[in-house]
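Remarks on the structure that follows.
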Amino acid sequence: MPPPQAETQTPAERVCSDRKTRANIKIATLNVKGRTSPTLGQTQTSKWVAINRTMRDQKIGILCIQETHLCQEHMTQIDNLYARRLRVMNSSDPDRPGSSAGIAFVLNREITNAENATIQVIIPGRAAMLSINWHQDKRINVLNIYAPNNLSDHKAFWDKIRTEWQRLNLATPDLMLGDFNLTEDPIDRAPARPDHEGAIDALRDLRNALNVQDRWRLDHPLKRLFTFSSAHQTLSRLDRIYASARHAESLIDWDSQISQIPTDHHMVSVRFAPPGLPHIGKGRWSWPLSLMTDNNLIKRVSEMGTNAQNEIENMVIRSEEANPQKTWTTFKQNINKVAKDVAKTHLCKINQRIKVLMKDLKKTANRQDIDVSEDTRLNEIILEKEINHLQKKRHKKTSLNAQAQWATHGETISKYWSKVN
């Protein structure tokens with residue numbers, strides 16, 4: 001009998017090779033503005049705590065980030081901490097890798113086939129393309145862009161991407177996304193104004209060559225939305241997602257939100273769901289895990305269960321209106337209603353406040369006087385800062401809960417220990 005073959009796959013690779021992926025995938029872009037934040041700790045990669053949590057909580061399959069500021073030492077730290085959930089494919093600035101530019105693809109191993117992904121760097125630290133089998137044999141190509149801040153450099157930048165694309169004989173991208181540091185239409189700035197004409201023409205030439213379109217703008221020709229606010233109280237939609245014309249019907253759930261990752265840009269996301277694949281809905285509502293430790297709720301559920309059991313045991317005559325199945329169904333409906341009410345009280349104060357402020361933010365962005373009224377633009381910025389403050393507050397609460405869980409269960413062999421190890 002021949003000797004058994006040695007194991008060649010790491011645990012993370014073995015899990016990903018057997019991954020049952022969804023028939024749709026959420027893809028997002030965010031300028032993270034560096035790798036550290038004093039509000040998240042003093043480590044060299046403190047923002048990656050929030051990046052990891054964002055990928056998990058929002059079930060993002062592919063996150064394209066800009067201004068990563070990562071050198072090899074930082075990449076090693078990130079892999080040591082988060083390799084179980086994330087695969088990070090980074091391209092650094094060749095001159096100042098730890099303090100300038102840099103782009104990366106962050107892949108969620110839990111919902112994507114991360115191990116088969118490849119990356120082609122076009123301009124180091126500025127432009128790269130990811131190719132990945134996101135579902136079964138379905139392959140997607142995603143171009144990540146971080147354009148220069150100086151508009152006079154844009155023409156050479158966009159022309160170089162087009163030249164390198166042809167030289168490398170790359171496949172046409174399905175999506176092109178990132179921080180473009182440029183707007184194509186006056187409506188995407190407040191006060192409304194056109195950008196550098198030469199830079200816009202060069203970007204449009206590249207778009208035409210790659211056959212990608214600003215699908216959100218085509219679907220919302222008159223709507224205002226801004227992803228960046230400057231210190232001069234001006235607003236702009238710098239962060240965008242372009243898509244191939246053949247995917248016009250495959251993009252749903254467009255969103256722009258203030259991220260829990262500390263930065264001055266909004267995170268823009270879309271769900272890629274080709275129409276020929278099975279539709280997957282939102283699923284059933286389930287109890288938040290934190291409610292399982294609410295003793296008052298558990299006591300109420302126990303009392304309701306006891307009452308339901310007594311009612312079934314004392315049932316003498318069975319009818320369409322009175323039978324064990326009816327009683328059991330009513331019991332389940334009642335405990336779900338009670339749990340939802342408690343969840344709103346426990347968990348949703350900050351979340352509900354953020355939702356209300358986000359609605360106000362979108363209304364403010366579409367006010368008719370936003371181009372001429374500095375007060376309206378200032379109100380938009382104040383709303384963003386309030387949402388950002390609540391995000392930090394929520395992050396701190398979550399972080400404290402995680403520390404408490406580790407202090408209580410981290411040294412005990414349990415389900416929790418297995419999950420984190």
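Residue numbering restarts at 1 in every chain; chains get A, B, ... in the order shown in the structure tokens, and ligands count up from 1 in that same order.
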
- Message: Please return, as a PyMOL selection string, all residues of segment 155-352 of chain A that DSSP assigns to strand (DSSP E) on the basis of the backbone.
- Response: chain A and resi 175-179+189-190+212-213+228-229+235-236+239-244+251-257+267-272

Contacts of Glu197 of chain A at 12 Å or less, counting only C-alpha atoms, minus same-chain residues fewer than 2 places along, as a PDB file with N, CA and C atoms, in the first residue's frame?
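New file out.pdb:
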ATOM      1  N   LEU A 151      -5.515  67.207 -10.269  1.00  0.00           N
ATOM      2  CA  LEU A 151      -6.253  66.987 -11.517  1.00  0.00           C
ATOM      3  C   LEU A 151      -5.366  67.077 -12.750  1.00  0.00           C
ATOM      4  N   SER A 152      -4.282  67.826 -12.661  1.00  0.00           N
ATOM      5  CA  SER A 152      -3.390  67.944 -13.822  1.00  0.00           C
ATOM      6  C   SER A 152      -2.661  66.630 -14.120  1.00  0.00           C
ATOM      7  N   HIS A 154      -4.230  63.690 -14.004  1.00  0.00           N
ATOM      8  CA  HIS A 154      -5.232  62.688 -14.361  1.00  0.00           C
ATOM      9  C   HIS A 154      -5.101  62.184 -15.794  1.00  0.00           C
ATOM     10  N   LYS A 155      -4.862  63.074 -16.735  1.00  0.00           N
ATOM     11  CA  LYS A 155      -4.811  62.638 -18.140  1.00  0.00           C
ATOM     12  C   LYS A 155      -3.736  61.572 -18.331  1.00  0.00           C
ATOM     13  N   LEU A 182     -12.363  62.838  -8.790  1.00  0.00           N
ATOM     14  CA  LEU A 182     -12.840  63.550  -9.975  1.00  0.00           C
ATOM     15  C   LEU A 182     -14.328  63.251 -10.124  1.00  0.00           C
ATOM     16  N   THR A 183     -15.087  64.234 -10.563  1.00  0.00           N
ATOM     17  CA  THR A 183     -16.495  63.986 -10.894  1.00  0.00           C
ATOM     18  C   THR A 183     -16.718  64.290 -12.372  1.00  0.00           C
ATOM     19  N   GLU A 184     -17.548  63.471 -13.008  1.00  0.00           N
ATOM     20  CA  GLU A 184     -17.795  63.665 -14.442  1.00  0.00           C
ATOM     21  C   GLU A 184     -18.901  64.684 -14.714  1.00  0.00           C
ATOM     22  N   ASP A 185     -19.830  64.834 -13.769  1.00  0.00           N
ATOM     23  CA  ASP A 185     -20.983  65.706 -13.992  1.00  0.00           C
ATOM     24  C   ASP A 185     -21.061  66.771 -12.903  1.00  0.00           C
ATOM     25  N   PRO A 186     -21.449  68.005 -13.257  1.00  0.00           N
ATOM     26  CA  PRO A 186     -21.580  69.074 -12.247  1.00  0.00           C
ATOM     27  C   PRO A 186     -22.526  68.711 -11.110  1.00  0.00           C
ATOM     28  N   ARG A 193     -20.432  72.346 -10.173  1.00  0.00           N
ATOM     29  CA  ARG A 193     -19.453  72.937 -11.090  1.00  0.00           C
ATOM     30  C   ARG A 193     -18.799  71.817 -11.882  1.00  0.00           C
ATOM     31  N   PRO A 194     -18.356  72.109 -13.096  1.00  0.00           N
ATOM     32  CA  PRO A 194     -17.649  71.084 -13.873  1.00  0.00           C
ATOM     33  C   PRO A 194     -16.213  70.930 -13.380  1.00  0.00           C
ATOM     34  N   ASP A 195     -15.675  69.738 -13.533  1.00  0.00           N
ATOM     35  CA  ASP A 195     -14.283  69.488 -13.166  1.00  0.00           C
ATOM     36  C   ASP A 195     -13.370  69.762 -14.357  1.00  0.00           C
ATOM     37  N   ALA A 199      -9.113  66.093 -17.745  1.00  0.00           N
ATOM     38  CA  ALA A 199      -9.161  64.906 -16.893  1.00  0.00           C
ATOM     39  C   ALA A 199     -10.432  64.099 -17.160  1.00  0.00           C
ATOM     40  N   ILE A 200     -11.558  64.803 -17.315  1.00  0.00           N
ATOM     41  CA  ILE A 200     -12.830  64.122 -17.591  1.00  0.00           C
ATOM     42  C   ILE A 200     -12.769  63.400 -18.932  1.00  0.00           C
ATOM     43  N   ASP A 201     -12.231  64.056 -19.939  1.00  0.00           N
ATOM     44  CA  ASP A 201     -12.134  63.430 -21.281  1.00  0.00           C
ATOM     45  C   ASP A 201     -11.282  62.168 -21.235  1.00  0.00           C
ATOM     46  N   ALA A 202     -10.171  62.222 -20.483  1.00  0.00           N
ATOM     47  CA  ALA A 202      -9.283  61.059 -20.403  1.00  0.00           C
ATOM     48  C   ALA A 202      -9.979  59.897 -19.699  1.00  0.00           C
ATOM     49  N   LEU A 203     -10.721  60.202 -18.621  1.00  0.00           N
ATOM     50  CA  LEU A 203     -11.466  59.150 -17.922  1.00  0.00           C
ATOM     51  C   LEU A 203     -12.539  58.556 -18.831  1.00  0.00           C
ATOM     52  N   ARG A 204     -13.229  59.400 -19.564  1.00  0.00           N
ATOM     53  CA  ARG A 204     -14.280  58.892 -20.450  1.00  0.00           C
ATOM     54  C   ARG A 204     -13.709  58.066 -21.586  1.00  0.00           C
TER      55      ARG A 204
END

- Query: Using only C-alpha atoms, which of A:Arg246, A:Arg207, A:Arg271, A:Arg224 sits nearest Gly61 of chain A?
  - Reply: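 When distances to Gly61 of chain A are compared using only C-alpha atoms, the smallest one comes from A:Arg271.
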
- Task: Find the residues near Met176 of chain A: any atom within 12 Å, counting only C-alpha atoms, skip ones fewer than 3 places away on the same chain, and give them as a VMD selection string.
- Result: chain A and resid 27 to 29 64 127 to 130 140 to 146 172 to 173 179 to 180 203 206 to 207 210 to 215 239 to 245

- Could you pull the residues within 9 Å of Gly34 of chain A, counting only C-alpha atoms, minus those fewer than 2 positions along the same chain, as a PyMOL selection string? chain A and resi 31-32+36-37+45+47+66-70+98-102+263

- Message: as JSON, numbers by chain, please: the residues near Asp137 of chain A (cut-off 12 Å, only C-alpha atoms, same-chain neighbours under 3 positions excluded).
- Response: {"A": [21, 23, 113, 116, 132, 133, 134, 140]}

Mind dumping the selected residues with N, CA, C and O atoms as an mmCIF file, in the first residue's frame?
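See result.cif below for the written result:
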data_model
loop_
_atom_site.group_PDB
_atom_site.id
_atom_site.type_symbol
_atom_site.label_atom_id
_atom_site.label_comp_id
_atom_site.auth_asym_id
_atom_site.auth_seq_id
_atom_site.Cartn_x
_atom_site.Cartn_y
_atom_site.Cartn_z
ATOM 1 N N THR A 21 -20.815 28.931 -1.992
ATOM 2 C CA THR A 21 -21.004 30.373 -2.148
ATOM 3 C C THR A 21 -22.439 30.694 -2.546
ATOM 4 O O THR A 21 -23.173 29.849 -3.051
ATOM 5 N N ALA A 23 -25.482 32.842 -4.642
ATOM 6 C CA ALA A 23 -25.704 33.181 -6.055
ATOM 7 C C ALA A 23 -25.673 34.685 -6.286
ATOM 8 O O ALA A 23 -26.025 35.156 -7.363
ATOM 9 N N ASN A 113 -14.863 32.248 -2.780
ATOM 10 C CA ASN A 113 -13.765 31.317 -3.043
ATOM 11 C C ASN A 113 -12.464 32.114 -3.118
ATOM 12 O O ASN A 113 -11.890 32.314 -4.189
ATOM 13 N N ASN A 116 -8.868 31.093 -4.986
ATOM 14 C CA ASN A 116 -8.625 31.040 -6.432
ATOM 15 C C ASN A 116 -8.463 32.421 -7.048
ATOM 16 O O ASN A 116 -8.334 32.558 -8.259
ATOM 17 N N ILE A 132 -11.679 36.575 -9.926
ATOM 18 C CA ILE A 132 -12.063 35.573 -8.933
ATOM 19 C C ILE A 132 -13.286 34.799 -9.402
ATOM 20 O O ILE A 132 -14.197 35.361 -10.013
ATOM 21 N N ASN A 133 -13.290 33.490 -9.136
ATOM 22 C CA ASN A 133 -14.482 32.665 -9.335
ATOM 23 C C ASN A 133 -15.396 32.892 -8.138
ATOM 24 O O ASN A 133 -15.256 32.233 -7.110
ATOM 25 N N TRP A 134 -16.327 33.814 -8.263
ATOM 26 C CA TRP A 134 -17.110 34.221 -7.096
ATOM 27 C C TRP A 134 -18.228 33.228 -6.766
ATOM 28 O O TRP A 134 -18.686 33.140 -5.637
ATOM 29 N N ILE A 140 -15.518 36.874 -12.150
ATOM 30 C CA ILE A 140 -15.751 38.310 -12.203
ATOM 31 C C ILE A 140 -14.408 39.035 -12.131
ATOM 32 O O ILE A 140 -13.494 38.607 -11.410
#

For segment 385-393 of chain A, work out the shell of residues within 9 Å, counting only C-alpha atoms and skipping chain neighbours fewer than 3 positions away, then give it as a short mmCIF file (atom, residue, chain, number, x, y, z; two decimals) with N, CA and C atoms, in the first residue's frame.
data_model
loop_
_atom_site.label_atom_id
_atom_site.label_comp_id
_atom_site.auth_asym_id
_atom_site.auth_seq_id
_atom_site.Cartn_x
_atom_site.Cartn_y
_atom_site.Cartn_z
N THR A 39 -8.74 56.31 17.68
CA THR A 39 -9.97 55.88 18.36
C THR A 39 -10.07 54.36 18.45
N LEU A 40 -9.26 53.65 17.67
CA LEU A 40 -9.33 52.18 17.66
C LEU A 40 -8.13 51.51 18.32
N ILE A 258 -22.03 56.02 5.75
CA ILE A 258 -20.87 56.37 6.58
C ILE A 258 -20.44 55.10 7.29
N SER A 259 -19.20 54.71 7.08
CA SER A 259 -18.72 53.43 7.59
C SER A 259 -18.26 53.55 9.03
N GLN A 260 -18.26 52.39 9.74
CA GLN A 260 -17.70 52.35 11.08
C GLN A 260 -16.17 52.36 11.03
N ILE A 261 -15.60 52.23 9.84
CA ILE A 261 -14.15 52.37 9.68
C ILE A 261 -13.84 53.86 9.64
N PRO A 262 -13.04 54.40 10.56
CA PRO A 262 -12.80 55.84 10.61
C PRO A 262 -12.15 56.37 9.34
N ILE A 350 -29.16 53.10 19.15
CA ILE A 350 -28.15 53.74 18.30
C ILE A 350 -28.44 53.47 16.83
N ASN A 351 -28.79 52.22 16.49
CA ASN A 351 -29.06 51.87 15.10
C ASN A 351 -30.22 52.68 14.53
N ARG A 353 -31.30 55.57 15.59
CA ARG A 353 -30.87 56.96 15.47
C ARG A 353 -30.03 57.17 14.20
N ILE A 354 -29.16 56.22 13.90
CA ILE A 354 -28.34 56.31 12.69
C ILE A 354 -29.21 56.26 11.45
N LEU A 357 -30.89 59.61 10.98
CA LEU A 357 -29.93 60.61 10.51
C LEU A 357 -29.54 60.37 9.05
N MET A 358 -29.44 59.10 8.64
CA MET A 358 -29.11 58.80 7.25
C MET A 358 -30.22 59.27 6.31
N GLU A 380 -25.42 69.31 6.20
CA GLU A 380 -25.04 67.98 5.69
C GLU A 380 -23.79 67.48 6.41
N ILE A 381 -22.81 68.34 6.56
CA ILE A 381 -21.55 67.95 7.21
C ILE A 381 -21.79 67.64 8.69
N ILE A 382 -22.63 68.44 9.36
CA ILE A 382 -22.95 68.19 10.77
C ILE A 382 -23.64 66.84 10.95
N LYS A 396 -17.35 51.12 20.13
CA LYS A 396 -16.77 50.98 21.47
C LYS A 396 -17.58 49.99 22.30
N LYS A 397 -18.91 50.07 22.19
CA LYS A 397 -19.76 49.14 22.93
C LYS A 397 -19.52 47.70 22.48
N THR A 398 -19.44 47.51 21.17
CA THR A 398 -19.19 46.16 20.64
C THR A 398 -17.84 45.64 21.09
#

- Task: Extract the full set of alpha helix (DSSP H) residues from segment 39-256 of chain A according to DSSP on the backbone, and format it as a ChimeraX atom specification.
- Result: /A:47-57,72-82,154-168,197-210,215-219

- Query: What is the atom CA of Lys59 of chain A to atom CA of Tyr82 of chain A distance in Å?
  - Reply: 15.4 Å

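Closest approach to Val372 of chain A from the set A:Ile65, A:Leu168, A:Ala190, A:Leu107 is made by A:Ala190, with distances taken over only C-alpha atoms.
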
- Note on the structure: Expressed in Å, the length from atom CA of Gln352 of chain A to atom CA of Arg394 of chain A is 11.8 Å

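Within 7 Å of His266 of chain A, once only C-alpha atoms are used and residues closer than 5 positions along the same chain are dropped, the contacting residues are Leu30, Thr227, Phe228, Ser256, Gln257, Ile258 and Ser259 of chain A.
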
- For Asn169 of chain A, which residue out of A:Gln120, A:Ser92, A:Asn379, A:Asn150 is the nearest one, using only C-alpha atoms?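 Among A:Gln120, A:Ser92, A:Asn379, A:Asn150, it is A:Gln120 that comes nearest to Asn169 of chain A.
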
- Message: Please compute the atom CA of Ser91 of chain A-atom CA of Val121 of chain A distance, one decimal, in Å.
- Response: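 Interatomic distance, atom CA of Ser91 of chain A to atom CA of Val121 of chain A: 7.0 Å.
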
- Query: So, counting only C-alpha atoms, which residue among A:Gly276, A:Pro288, A:Pro38, A:Pro191 is closest to His232 of chain A?
  - Reply: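 Once distances to His232 of chain A are computed over only C-alpha atoms, the minimum belongs to A:Pro191.
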